[in-house]
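Asks: So here's data.cif, just mmCIF, C-alpha atoms (C1' of nucleotides):
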```
data_target
loop_
_atom_site.label_atom_id
_atom_site.label_comp_id
_atom_site.auth_asym_id
_atom_site.auth_seq_id
_atom_site.Cartn_x
_atom_site.Cartn_y
_atom_site.Cartn_z
CA MET Z 1412 52.00 153.04 -134.07
CA GLY Z 1413 51.32 153.62 -130.39
CA VAL Z 1414 48.88 150.75 -130.41
CA THR Z 1415 49.91 147.69 -128.42
CA LYS Z 1416 49.33 144.33 -130.10
CA THR Z 1417 47.54 142.88 -127.09
CA GLU Z 1418 46.02 140.02 -129.07
CA VAL Z 1419 49.34 138.29 -129.53
CA PHE Z 1420 50.12 138.09 -125.81
CA THR Z 1421 48.62 135.98 -123.07
CA ALA Z 1422 45.84 137.27 -120.84
CA GLU Z 1423 48.25 137.10 -117.92
CA GLN Z 1424 50.87 139.18 -119.68
CA ASN Z 1425 48.29 141.77 -120.64
CA ARG Z 1426 46.89 141.94 -117.13
CA ILE Z 1427 50.30 142.31 -115.54
CA ALA Z 1428 51.04 145.13 -117.97
CA GLU Z 1429 47.75 146.79 -117.11
CA LEU Z 1430 48.35 146.52 -113.38
CA ALA Z 1431 51.86 147.88 -113.86
CA LYS Z 1432 50.42 150.94 -115.57
CA ALA Z 1433 48.77 151.86 -112.30
CA PHE Z 1434 52.27 152.38 -110.92
CA ALA Z 1435 53.89 153.64 -114.11
CA HIS Z 1436 53.32 157.34 -113.50
CA PRO Z 1437 54.61 159.25 -110.46
CA ALA Z 1438 51.29 161.00 -109.96
CA ARG Z 1439 49.49 157.68 -109.73
CA VAL Z 1440 52.14 156.35 -107.36
CA ALA Z 1441 51.56 159.44 -105.21
CA ILE Z 1442 47.79 158.92 -105.31
CA LEU Z 1443 48.10 155.27 -104.32
CA GLN Z 1444 50.58 156.07 -101.56
CA HIS Z 1445 48.21 158.70 -100.22
CA LEU Z 1446 45.22 156.37 -100.32
CA VAL Z 1447 47.24 153.75 -98.48
CA ALA Z 1448 48.54 156.22 -95.88
CA THR Z 1449 45.20 157.79 -95.05
CA LYS Z 1450 43.31 154.61 -94.44
CA SER Z 1451 40.09 156.49 -94.73
CA CYS Z 1452 39.23 157.42 -98.26
CA ILE Z 1453 40.19 160.69 -99.80
CA CYS Z 1454 38.26 162.98 -102.08
CA GLY Z 1455 39.33 166.20 -103.71
CA GLU Z 1456 41.93 166.38 -100.99
CA LEU Z 1457 44.13 164.67 -103.53
CA VAL Z 1458 43.92 167.75 -105.69
CA ASP Z 1459 45.37 169.79 -102.84
CA GLU Z 1460 48.09 167.23 -102.22
CA LEU Z 1461 49.24 166.97 -105.79
CA PRO Z 1462 50.80 169.76 -107.83
CA LEU Z 1463 48.51 169.01 -110.73
CA SER Z 1464 45.26 170.51 -111.87
CA GLN Z 1465 41.92 169.13 -110.79
CA ALA Z 1466 41.24 167.91 -114.32
CA THR Z 1467 44.52 166.03 -114.48
CA VAL Z 1468 44.05 164.40 -111.08
CA SER Z 1469 40.55 163.34 -112.06
CA GLN Z 1470 41.93 161.79 -115.20
CA HIS Z 1471 44.49 159.75 -113.26
CA LEU Z 1472 41.78 158.64 -110.84
CA LYS Z 1473 39.68 157.51 -113.78
CA GLU Z 1474 42.55 155.46 -115.14
CA LEU Z 1475 43.17 153.86 -111.75
CA SER Z 1476 39.47 153.07 -111.53
CA ARG Z 1477 39.50 151.55 -115.00
CA ILE Z 1478 42.34 149.26 -113.98
CA GLY Z 1479 40.31 148.51 -110.86
CA ILE Z 1480 42.95 149.17 -108.22
CA ILE Z 1481 40.88 151.93 -106.62
CA LYS Z 1482 37.16 152.42 -106.26
CA GLY Z 1483 35.05 155.51 -105.75
CA ASN Z 1484 32.22 156.10 -103.38
CA VAL Z 1485 29.97 158.92 -104.52
CA GLN Z 1486 28.50 161.11 -101.78
CA PRO Z 1487 27.64 164.25 -103.68
CA PRO Z 1488 29.05 166.60 -104.24
CA ARG Z 1489 32.09 164.64 -103.07
CA VAL Z 1490 33.60 161.36 -104.23
CA CYS Z 1491 35.50 159.20 -101.83
CA TYR Z 1492 38.24 157.07 -103.34
CA CYS Z 1493 40.00 154.17 -101.76
CA ILE Z 1494 42.11 151.13 -102.52
CA ASN Z 1495 40.22 148.20 -103.98
CA GLU Z 1496 41.51 145.47 -101.74
CA SER Z 1497 40.92 142.54 -104.09
CA VAL Z 1498 42.75 144.14 -106.99
CA TRP Z 1499 45.50 145.31 -104.66
CA GLU Z 1500 45.94 141.68 -103.66
CA GLU Z 1501 45.88 140.70 -107.30
CA ALA Z 1502 48.72 143.12 -107.97
CA LYS Z 1503 50.62 141.84 -104.98
CA ALA Z 1504 50.29 138.28 -106.24
CA ALA Z 1505 51.11 139.19 -109.82
CA PHE Z 1506 54.24 141.19 -109.11
CA GLY Z 1507 55.26 139.07 -106.18
CA GLY Z 1508 54.91 135.94 -108.26
CA LEU Z 1509 56.81 137.26 -111.21
CA LEU Z 1510 59.55 138.90 -109.17
CA ALA Z 1511 60.05 135.78 -107.07
CA THR Z 1512 60.66 133.54 -110.07
CA PHE Z 1513 64.11 134.87 -110.76
CA THR Z 1514 66.84 132.90 -109.10
CA VAL Z 1515 70.20 133.36 -110.74
CA ASN Z 1516 71.85 133.93 -114.09
CA GLU Z 1517 74.16 131.47 -115.73
CA CYS Z 1518 76.09 134.05 -117.65
CA CYS Z 1519 76.64 137.83 -117.76
CA MET O 659 51.08 167.25 -123.44
CA GLY O 660 52.35 163.71 -123.00
CA VAL O 661 55.18 165.06 -120.88
CA THR O 662 55.23 163.94 -117.26
CA LYS O 663 55.99 166.62 -114.66
CA THR O 664 58.68 164.55 -112.99
CA GLU O 665 60.18 167.53 -111.17
CA VAL O 666 57.19 167.89 -108.87
CA PHE O 667 57.38 164.33 -107.55
CA THR O 668 59.86 162.66 -105.24
CA ALA O 669 62.80 160.69 -106.54
CA GLU O 670 61.24 157.57 -105.07
CA GLN O 671 57.94 158.12 -106.85
CA ASN O 672 59.71 158.70 -110.13
CA ARG O 673 61.88 155.62 -109.72
CA ILE O 674 58.92 153.41 -108.87
CA ALA O 675 57.13 154.73 -111.95
CA GLU O 676 60.18 154.01 -114.09
CA LEU O 677 60.54 150.47 -112.74
CA ALA O 678 56.84 149.90 -113.31
CA LYS O 679 57.25 150.85 -116.95
CA ALA O 680 59.46 147.79 -117.37
CA PHE O 681 56.35 145.72 -116.67
CA ALA O 682 53.82 148.04 -118.28
CA HIS O 683 53.83 146.46 -121.72
CA PRO O 684 52.97 142.82 -122.44
CA ALA O 685 55.95 142.43 -124.76
CA ARG O 686 58.31 143.54 -122.02
CA VAL O 687 56.60 141.22 -119.54
CA ALA O 688 57.11 138.40 -122.02
CA ILE O 689 60.77 139.30 -122.46
CA LEU O 690 61.38 139.41 -118.72
CA GLN O 691 59.53 136.13 -118.17
CA HIS O 692 61.63 134.52 -120.86
CA LEU O 693 64.88 135.83 -119.42
CA VAL O 694 63.88 134.53 -116.01
CA ALA O 695 62.81 131.13 -117.35
CA THR O 696 65.94 130.48 -119.39
CA LYS O 697 68.45 131.18 -116.69
CA SER O 698 71.18 131.45 -119.24
CA CYS O 699 70.99 134.62 -121.23
CA ILE O 700 69.11 134.91 -124.45
CA CYS O 701 70.00 136.65 -127.65
CA GLY O 702 67.97 137.14 -130.80
CA GLU O 703 66.10 134.06 -129.75
CA LEU O 704 63.67 136.56 -128.29
CA VAL O 705 62.80 137.70 -131.78
CA ASP O 706 61.72 134.14 -132.62
CA GLU O 707 59.75 133.85 -129.41
CA LEU O 708 57.83 137.07 -129.80
CA PRO O 709 55.36 137.88 -132.56
CA LEU O 710 56.98 141.23 -133.13
CA SER O 711 59.54 142.42 -135.62
CA GLN O 712 63.22 142.45 -134.85
CA ALA O 713 63.23 146.23 -134.75
CA THR O 714 60.42 146.35 -132.23
CA VAL O 715 61.99 143.73 -129.97
CA SER O 716 65.28 145.57 -130.08
CA GLN O 717 63.50 148.74 -129.06
CA HIS O 718 61.88 147.08 -126.04
CA LEU O 719 65.25 145.63 -125.06
CA LYS O 720 66.74 149.08 -125.26
CA GLU O 721 64.05 150.48 -122.98
CA LEU O 722 64.55 147.67 -120.46
CA SER O 723 68.30 148.35 -120.55
CA ARG O 724 67.72 152.04 -120.01
CA ILE O 725 65.67 151.28 -116.91
CA GLY O 726 68.46 148.94 -115.91
CA ILE O 727 66.47 145.80 -115.22
CA ILE O 728 68.33 143.85 -117.90
CA LYS O 729 71.89 144.01 -119.14
CA GLY O 730 73.46 142.99 -122.40
CA ASN O 731 76.63 141.09 -123.02
CA VAL O 732 77.98 141.75 -126.50
CA GLN O 733 79.67 138.83 -128.24
CA PRO O 734 79.41 139.87 -131.86
CA PRO O 735 77.50 139.41 -133.88
CA ARG O 736 75.25 138.33 -130.99
CA VAL O 737 74.15 140.09 -127.85
CA CYS O 738 73.29 138.11 -124.79
CA TYR O 739 70.72 139.69 -122.51
CA CYS O 740 69.92 138.76 -118.96
CA ILE O 741 68.26 140.03 -115.82
CA ASN O 742 70.25 142.61 -113.88
CA GLU O 743 70.02 141.10 -110.44
CA SER O 744 70.55 144.28 -108.44
CA VAL O 745 67.83 146.20 -110.23
CA TRP O 746 65.54 143.19 -110.09
CA GLU O 747 66.02 143.25 -106.32
CA GLU O 748 65.39 146.97 -106.33
CA ALA O 749 62.08 146.37 -108.09
CA LYS O 750 61.21 143.60 -105.67
CA ALA O 751 61.87 145.92 -102.75
CA ALA O 752 60.05 148.87 -104.30
CA PHE O 753 56.87 147.04 -105.26
CA GLY O 754 56.98 144.75 -102.27
CA GLY O 755 57.37 147.69 -99.94
CA LEU O 756 54.61 149.73 -101.47
CA LEU O 757 52.20 146.82 -101.84
CA ALA O 758 52.80 145.69 -98.28
CA THR O 759 51.92 149.05 -96.77
CA PHE O 760 48.21 148.70 -97.38
CA THR O 761 46.35 147.26 -94.48
CA VAL O 762 42.67 148.06 -94.53
CA ASN O 763 40.21 150.73 -95.55
CA GLU O 764 38.06 152.63 -93.15
CA CYS O 765 35.33 153.32 -95.63
CA CYS O 766 34.13 152.17 -99.06
"C1'" DT G 932 87.71 140.76 -149.72
"C1'" DT G 933 83.20 139.45 -150.19
"C1'" DT G 934 79.34 137.37 -148.02
"C1'" DG G 935 76.45 136.33 -144.37
"C1'" DT G 936 74.52 136.82 -139.66
"C1'" DA G 937 72.92 139.35 -135.79
"C1'" DT G 938 71.67 143.54 -133.84
"C1'" DA G 939 70.97 148.56 -133.54
"C1'" DT G 940 69.26 152.65 -135.37
"C1'" DC G 941 66.69 155.72 -138.55
"C1'" DG G 942 62.56 157.51 -140.33
"C1'" DC G 943 57.98 157.35 -140.58
"C1'" DA G 944 52.99 156.64 -139.40
"C1'" DA G 945 49.49 155.89 -136.13
"C1'" DT G 946 47.82 155.91 -131.67
"C1'" DA G 947 48.31 156.84 -126.61
"C1'" DT G 948 49.39 159.69 -122.78
"C1'" DT G 949 49.78 163.82 -120.09
"C1'" DA G 950 48.18 168.24 -118.90
"C1'" DC G 951 45.00 172.01 -118.40
"C1'" DG G 952 41.29 175.53 -119.08
"C1'" DA G 953 36.61 175.66 -119.76
"C1'" DT G 954 32.37 173.73 -119.24
"C1'" DG G 955 28.87 170.50 -117.62
"C1'" DA G 956 26.60 167.79 -114.13
"C1'" DT G 957 24.91 167.06 -109.48
"C1'" DA G 958 23.57 167.89 -105.14
"C1'" DT G 959 23.80 170.94 -100.95
"C1'" DT G 960 23.20 175.38 -99.05
"C1'" DT G 961 21.38 179.92 -98.88
"C1'" DA P 142 15.20 179.54 -107.16
"C1'" DA P 143 19.85 181.02 -107.07
"C1'" DA P 144 24.35 180.46 -105.60
"C1'" DT P 145 28.00 177.38 -104.23
"C1'" DA P 146 30.94 173.43 -104.01
"C1'" DT P 147 32.80 169.21 -105.89
"C1'" DC P 148 33.95 166.42 -109.45
"C1'" DA P 149 33.72 164.60 -114.38
"C1'" DT P 150 34.14 165.42 -119.08
"C1'" DC P 151 35.24 167.94 -123.35
"C1'" DG P 152 38.37 169.98 -126.40
"C1'" DT P 153 42.85 171.00 -127.44
"C1'" DA P 154 47.91 170.96 -127.57
"C1'" DA P 155 52.19 168.79 -126.95
"C1'" DT P 156 54.89 164.92 -126.28
"C1'" DA P 157 55.49 159.78 -125.80
"C1'" DT P 158 54.91 155.19 -127.24
"C1'" DT P 159 54.44 151.40 -130.35
"C1'" DG P 160 55.47 149.18 -134.52
"C1'" DC P 161 57.83 148.19 -138.74
"C1'" DG P 162 60.54 148.46 -143.08
"C1'" DA P 163 64.83 149.87 -144.51
"C1'" DT P 164 69.33 150.69 -143.61
"C1'" DA P 165 73.59 150.86 -141.00
"C1'" DT P 166 76.98 148.50 -138.16
"C1'" DA P 167 80.09 145.03 -136.61
"C1'" DC P 168 82.05 140.95 -136.70
"C1'" DA P 169 82.62 135.92 -138.50
"C1'" DA P 170 83.11 132.94 -142.12
"C1'" DA P 171 84.04 131.73 -146.74
#
```
In structure tokens, write the structure found in this file.

Replies:
Amino acid sequence: MGVTKTEVFTAEQNRIAELAKAFAHPARVAILQHLVATKSCICGELVDELPLSQATVSQHLKELSRIGIIKGNVQPPRVCYCINESVWEEAKAAFGGLLATFTVNECC
Amino acid sequence: MGVTKTEVFTAEQNRIAELAKAFAHPARVAILQHLVATKSCICGELVDELPLSQATVSQHLKELSRIGIIKGNVQPPRVCYCINESVWEEAKAAFGGLLATFTVNECC
DNA sequence: TTTGTATATCGCAATATTACGATGATATTT
DNA sequence: AAATATCATCGTAATATTGCGATATACAAA
């Protein structure tokens, strides 16, 4: 169907999946890496950095904003984006927690 | 289009995005959590655990196998799945590395 | 050999995602 | 006021994803 049955999973599972989506496209990885590297926020500079159209970059930025991992600071006609520290920490805790739980297999 | 322009991004960015997809759906998060929790490998038991059809679970398992984060051990008519330790470590390093790079913003 | 069990795959339907050109909105500059 | 610059949104097209019933496959058991 293309529609995820979110209602049958836990809130934690759904949130982890949502946070993972922030990293689940190379363009968004590139955006996040750039925002991390240039500590100061970036605006349409991202459009110059990425080999994608302005409309496409804007769409990825919107998705990252929806997830909450970045935030935008409007100073018309520019918009300054940057990492949302609290959500970044949330992602760090979520992935770190999950990834740390694995110890060893007893078969395979 | 629905088709990602992978060729314009770095191999690292594409790999991170691929690894993130393993966690980008609540059903796959649930599968991974279950495989981690029950150290010994699990078979069709996953179908009983998850409120999804056998066909759908099998499809998610196939995607996780394609990414490489799980591996299957065929012992007909059963298949025993488990975490692929090396790829799990790869994910830990990839996300850990990226998430650790952020220090602080200079605006926003 | 037939039956049963477990899993994968096929085929389909519905929705989601990715991408971009064109356009709209907003504020600064001229 | 008009022109410019920046960014968001709309509309559209193409492909991907999600989900499931039905069927195929592969082996074990009867």

Asks: Compile the contact shell of DA157 of chain P as a list of chain:residue names: residues with an atom at most 12 Å away, counting all atoms listed in the file, same-chain residues fewer than 4 positions apart removed.

Replies: Z:Met1412, Z:Gly1413, O:Met659, O:Gly660, O:Val661, O:Thr662, G:DT946, G:DA947, G:DT948, G:DT949

Asks: I need the residue set behind the PyMOL selection byres ((chain P) within 6 of (chain Z)) for this file; please write it as a VMD selection string.

Replies: chain P and resid 147 158 to 160

Asks: Give as a list in words the residues that the PyMOL selection byres ((chain O) within 6 of (chain Z)) matches when applied to the coordinates above.

Replies: Gln671, Asn672, Ala675, Ala678, Lys679, Phe681, Ala682, His683, Pro684, Val694, Lys697, Ser698, Phe760, Asn763, Glu764 and Cys765 of chain O

Asks: I'd like the superposed chain O, fitted onto chain Z by least squares over all Cα atoms in order, as a PDB file with C-alpha atoms, keeping the file's coordinate frame.

Replies:
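Produced file part_27.pdb, reproduced below:
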```pdb
ATOM      1  CA  MET O 659      51.840 153.202-134.076  1.00  0.00           C
ATOM      2  CA  GLY O 660      51.364 153.623-130.343  1.00  0.00           C
ATOM      3  CA  VAL O 661      48.928 150.727-130.394  1.00  0.00           C
ATOM      4  CA  THR O 662      49.944 147.661-128.412  1.00  0.00           C
ATOM      5  CA  LYS O 663      49.362 144.285-130.082  1.00  0.00           C
ATOM      6  CA  THR O 664      47.562 142.860-127.075  1.00  0.00           C
ATOM      7  CA  GLU O 665      46.034 139.994-129.048  1.00  0.00           C
ATOM      8  CA  VAL O 666      49.373 138.264-129.514  1.00  0.00           C
ATOM      9  CA  PHE O 667      50.141 138.060-125.796  1.00  0.00           C
ATOM     10  CA  THR O 668      48.623 135.953-123.052  1.00  0.00           C
ATOM     11  CA  ALA O 669      45.857 137.237-120.835  1.00  0.00           C
ATOM     12  CA  GLU O 670      48.253 137.072-117.909  1.00  0.00           C
ATOM     13  CA  GLN O 671      50.880 139.165-119.664  1.00  0.00           C
ATOM     14  CA  ASN O 672      48.304 141.749-120.619  1.00  0.00           C
ATOM     15  CA  ARG O 673      46.879 141.900-117.111  1.00  0.00           C
ATOM     16  CA  ILE O 674      50.302 142.294-115.529  1.00  0.00           C
ATOM     17  CA  ALA O 675      51.040 145.105-117.977  1.00  0.00           C
ATOM     18  CA  GLU O 676      47.746 146.782-117.118  1.00  0.00           C
ATOM     19  CA  LEU O 677      48.355 146.513-113.371  1.00  0.00           C
ATOM     20  CA  ALA O 678      51.853 147.879-113.865  1.00  0.00           C
ATOM     21  CA  LYS O 679      50.423 150.932-115.583  1.00  0.00           C
ATOM     22  CA  ALA O 680      48.758 151.848-112.294  1.00  0.00           C
ATOM     23  CA  PHE O 681      52.263 152.368-110.918  1.00  0.00           C
ATOM     24  CA  ALA O 682      53.880 153.633-114.105  1.00  0.00           C
ATOM     25  CA  HIS O 683      53.330 157.329-113.497  1.00  0.00           C
ATOM     26  CA  PRO O 684      54.628 159.248-110.473  1.00  0.00           C
ATOM     27  CA  ALA O 685      51.299 161.007-109.987  1.00  0.00           C
ATOM     28  CA  ARG O 686      49.503 157.685-109.767  1.00  0.00           C
ATOM     29  CA  VAL O 687      52.141 156.361-107.370  1.00  0.00           C
ATOM     30  CA  ALA O 688      51.564 159.440-105.236  1.00  0.00           C
ATOM     31  CA  ILE O 689      47.805 158.929-105.319  1.00  0.00           C
ATOM     32  CA  LEU O 690      48.096 155.282-104.325  1.00  0.00           C
ATOM     33  CA  GLN O 691      50.578 156.080-101.553  1.00  0.00           C
ATOM     34  CA  HIS O 692      48.218 158.708-100.226  1.00  0.00           C
ATOM     35  CA  LEU O 693      45.226 156.386-100.313  1.00  0.00           C
ATOM     36  CA  VAL O 694      47.226 153.758 -98.466  1.00  0.00           C
ATOM     37  CA  ALA O 695      48.534 156.224 -95.875  1.00  0.00           C
ATOM     38  CA  THR O 696      45.174 157.772 -95.038  1.00  0.00           C
ATOM     39  CA  LYS O 697      43.298 154.584 -94.409  1.00  0.00           C
ATOM     40  CA  SER O 698      40.035 156.405 -94.659  1.00  0.00           C
ATOM     41  CA  CYS O 699      39.177 157.354 -98.181  1.00  0.00           C
ATOM     42  CA  ILE O 700      40.151 160.621 -99.720  1.00  0.00           C
ATOM     43  CA  CYS O 701      38.227 162.939-101.952  1.00  0.00           C
ATOM     44  CA  GLY O 702      39.325 166.107-103.697  1.00  0.00           C
ATOM     45  CA  GLU O 703      41.910 166.380-100.989  1.00  0.00           C
ATOM     46  CA  LEU O 704      44.133 164.696-103.541  1.00  0.00           C
ATOM     47  CA  VAL O 705      43.927 167.781-105.704  1.00  0.00           C
ATOM     48  CA  ASP O 706      45.391 169.827-102.839  1.00  0.00           C
ATOM     49  CA  GLU O 707      48.090 167.258-102.221  1.00  0.00           C
ATOM     50  CA  LEU O 708      49.256 167.001-105.796  1.00  0.00           C
ATOM     51  CA  PRO O 709      50.810 169.786-107.846  1.00  0.00           C
ATOM     52  CA  LEU O 710      48.531 169.027-110.744  1.00  0.00           C
ATOM     53  CA  SER O 711      45.280 170.547-111.882  1.00  0.00           C
ATOM     54  CA  GLN O 712      41.946 169.159-110.836  1.00  0.00           C
ATOM     55  CA  ALA O 713      41.287 167.931-114.351  1.00  0.00           C
ATOM     56  CA  THR O 714      44.550 166.035-114.494  1.00  0.00           C
ATOM     57  CA  VAL O 715      44.057 164.422-111.089  1.00  0.00           C
ATOM     58  CA  SER O 716      40.563 163.386-112.057  1.00  0.00           C
ATOM     59  CA  GLN O 717      41.941 161.798-115.193  1.00  0.00           C
ATOM     60  CA  HIS O 718      44.504 159.755-113.256  1.00  0.00           C
ATOM     61  CA  LEU O 719      41.779 158.669-110.844  1.00  0.00           C
ATOM     62  CA  LYS O 720      39.695 157.557-113.773  1.00  0.00           C
ATOM     63  CA  GLU O 721      42.557 155.481-115.147  1.00  0.00           C
ATOM     64  CA  LEU O 722      43.183 153.872-111.753  1.00  0.00           C
ATOM     65  CA  SER O 723      39.460 153.083-111.519  1.00  0.00           C
ATOM     66  CA  ARG O 724      39.485 151.574-114.978  1.00  0.00           C
ATOM     67  CA  ILE O 725      42.318 149.263-113.967  1.00  0.00           C
ATOM     68  CA  GLY O 726      40.310 148.529-110.854  1.00  0.00           C
ATOM     69  CA  ILE O 727      42.934 149.178-108.210  1.00  0.00           C
ATOM     70  CA  ILE O 728      40.866 151.942-106.620  1.00  0.00           C
ATOM     71  CA  LYS O 729      37.143 152.421-106.236  1.00  0.00           C
ATOM     72  CA  GLY O 730      35.048 155.502-105.734  1.00  0.00           C
ATOM     73  CA  ASN O 731      32.212 156.086-103.355  1.00  0.00           C
ATOM     74  CA  VAL O 732      29.975 158.909-104.536  1.00  0.00           C
ATOM     75  CA  GLN O 733      28.467 161.113-101.839  1.00  0.00           C
ATOM     76  CA  PRO O 734      27.665 164.240-103.796  1.00  0.00           C
ATOM     77  CA  PRO O 735      29.088 166.612-104.334  1.00  0.00           C
ATOM     78  CA  ARG O 736      32.118 164.629-103.124  1.00  0.00           C
ATOM     79  CA  VAL O 737      33.605 161.355-104.237  1.00  0.00           C
ATOM     80  CA  CYS O 738      35.509 159.234-101.809  1.00  0.00           C
ATOM     81  CA  TYR O 739      38.225 157.083-103.323  1.00  0.00           C
ATOM     82  CA  CYS O 740      40.002 154.177-101.740  1.00  0.00           C
ATOM     83  CA  ILE O 741      42.111 151.150-102.528  1.00  0.00           C
ATOM     84  CA  ASN O 742      40.214 148.204-103.978  1.00  0.00           C
ATOM     85  CA  GLU O 743      41.525 145.473-101.743  1.00  0.00           C
ATOM     86  CA  SER O 744      40.930 142.551-104.088  1.00  0.00           C
ATOM     87  CA  VAL O 745      42.756 144.139-106.992  1.00  0.00           C
ATOM     88  CA  TRP O 746      45.512 145.319-104.682  1.00  0.00           C
ATOM     89  CA  GLU O 747      45.944 141.682-103.665  1.00  0.00           C
ATOM     90  CA  GLU O 748      45.880 140.689-107.304  1.00  0.00           C
ATOM     91  CA  ALA O 749      48.726 143.109-107.979  1.00  0.00           C
ATOM     92  CA  LYS O 750      50.628 141.826-104.975  1.00  0.00           C
ATOM     93  CA  ALA O 751      50.282 138.277-106.250  1.00  0.00           C
ATOM     94  CA  ALA O 752      51.123 139.170-109.843  1.00  0.00           C
ATOM     95  CA  PHE O 753      54.256 141.186-109.130  1.00  0.00           C
ATOM     96  CA  GLY O 754      55.273 139.050-106.198  1.00  0.00           C
ATOM     97  CA  GLY O 755      54.933 135.916-108.268  1.00  0.00           C
ATOM     98  CA  LEU O 756      56.839 137.231-111.227  1.00  0.00           C
ATOM     99  CA  LEU O 757      59.570 138.880-109.169  1.00  0.00           C
ATOM    100  CA  ALA O 758      60.048 135.775-107.061  1.00  0.00           C
ATOM    101  CA  THR O 759      60.650 133.510-110.037  1.00  0.00           C
ATOM    102  CA  PHE O 760      64.108 134.849-110.749  1.00  0.00           C
ATOM    103  CA  THR O 761      66.833 132.895-109.105  1.00  0.00           C
ATOM    104  CA  VAL O 762      70.191 133.359-110.746  1.00  0.00           C
ATOM    105  CA  ASN O 763      71.820 133.954-114.094  1.00  0.00           C
ATOM    106  CA  GLU O 764      74.107 131.519-115.778  1.00  0.00           C
ATOM    107  CA  CYS O 765      75.998 134.124-117.706  1.00  0.00           C
ATOM    108  CA  CYS O 766      76.529 137.897-117.787  1.00  0.00           C
TER     109      CYS O 766
END
```

Asks: Grab the atom C1' of DT932 of chain G to atom C1' of DA171 of chain P distance for me, in Å with one decimal place.

Replies: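 Straight-line distance from atom C1' of DT932 of chain G to atom C1' of DA171 of chain P works out to 10.2 Å.
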
Asks: So how many Å separate atom C1' of DT150 of chain P and atom CA of Arg1477 of chain Z, to one decimal?

Replies: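 One can read the atom C1' of DT150 of chain P to atom CA of Arg1477 of chain Z distance as 15.4 Å.
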
Asks: List the residues matched by the PyMOL selection byres ((chain G) within 7 of (chain Z)) in the displayed structure as a list in words, ordered by chain and then by residue number.

Replies: DA944, DA945, DT946, DA947, DA950, DC951, DT957 and DA958 of chain G

Asks: Could you state the separation of atom C1' of DA953 of chain G and atom C1' of DA146 of chain P in Å, given to one decimal place?

Replies: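 Result for atom C1' of DA953 of chain G versus atom C1' of DA146 of chain P: 16.9 Å, one decimal.
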
Asks: Mind working out the centre and edge lengths of an axis-aligned box for segment 936-953 of chain G, all listed atoms inside, 5 Å added to each side, rounded to one decimal in Å and written as JSON?

Replies:
```
{"center_x": 55.6, "center_y": 156.2, "center_z": -129.5, "size_x": 47.9, "size_y": 48.8, "size_z": 32.2}
```

Asks: Using all atoms listed in the file, which residue out of G:DT959, G:DG942, G:DG952, G:DA937 lies closest to DA167 of chain P?

Replies: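 Result for the nearest residue to DA167 of chain P: G:DA937.
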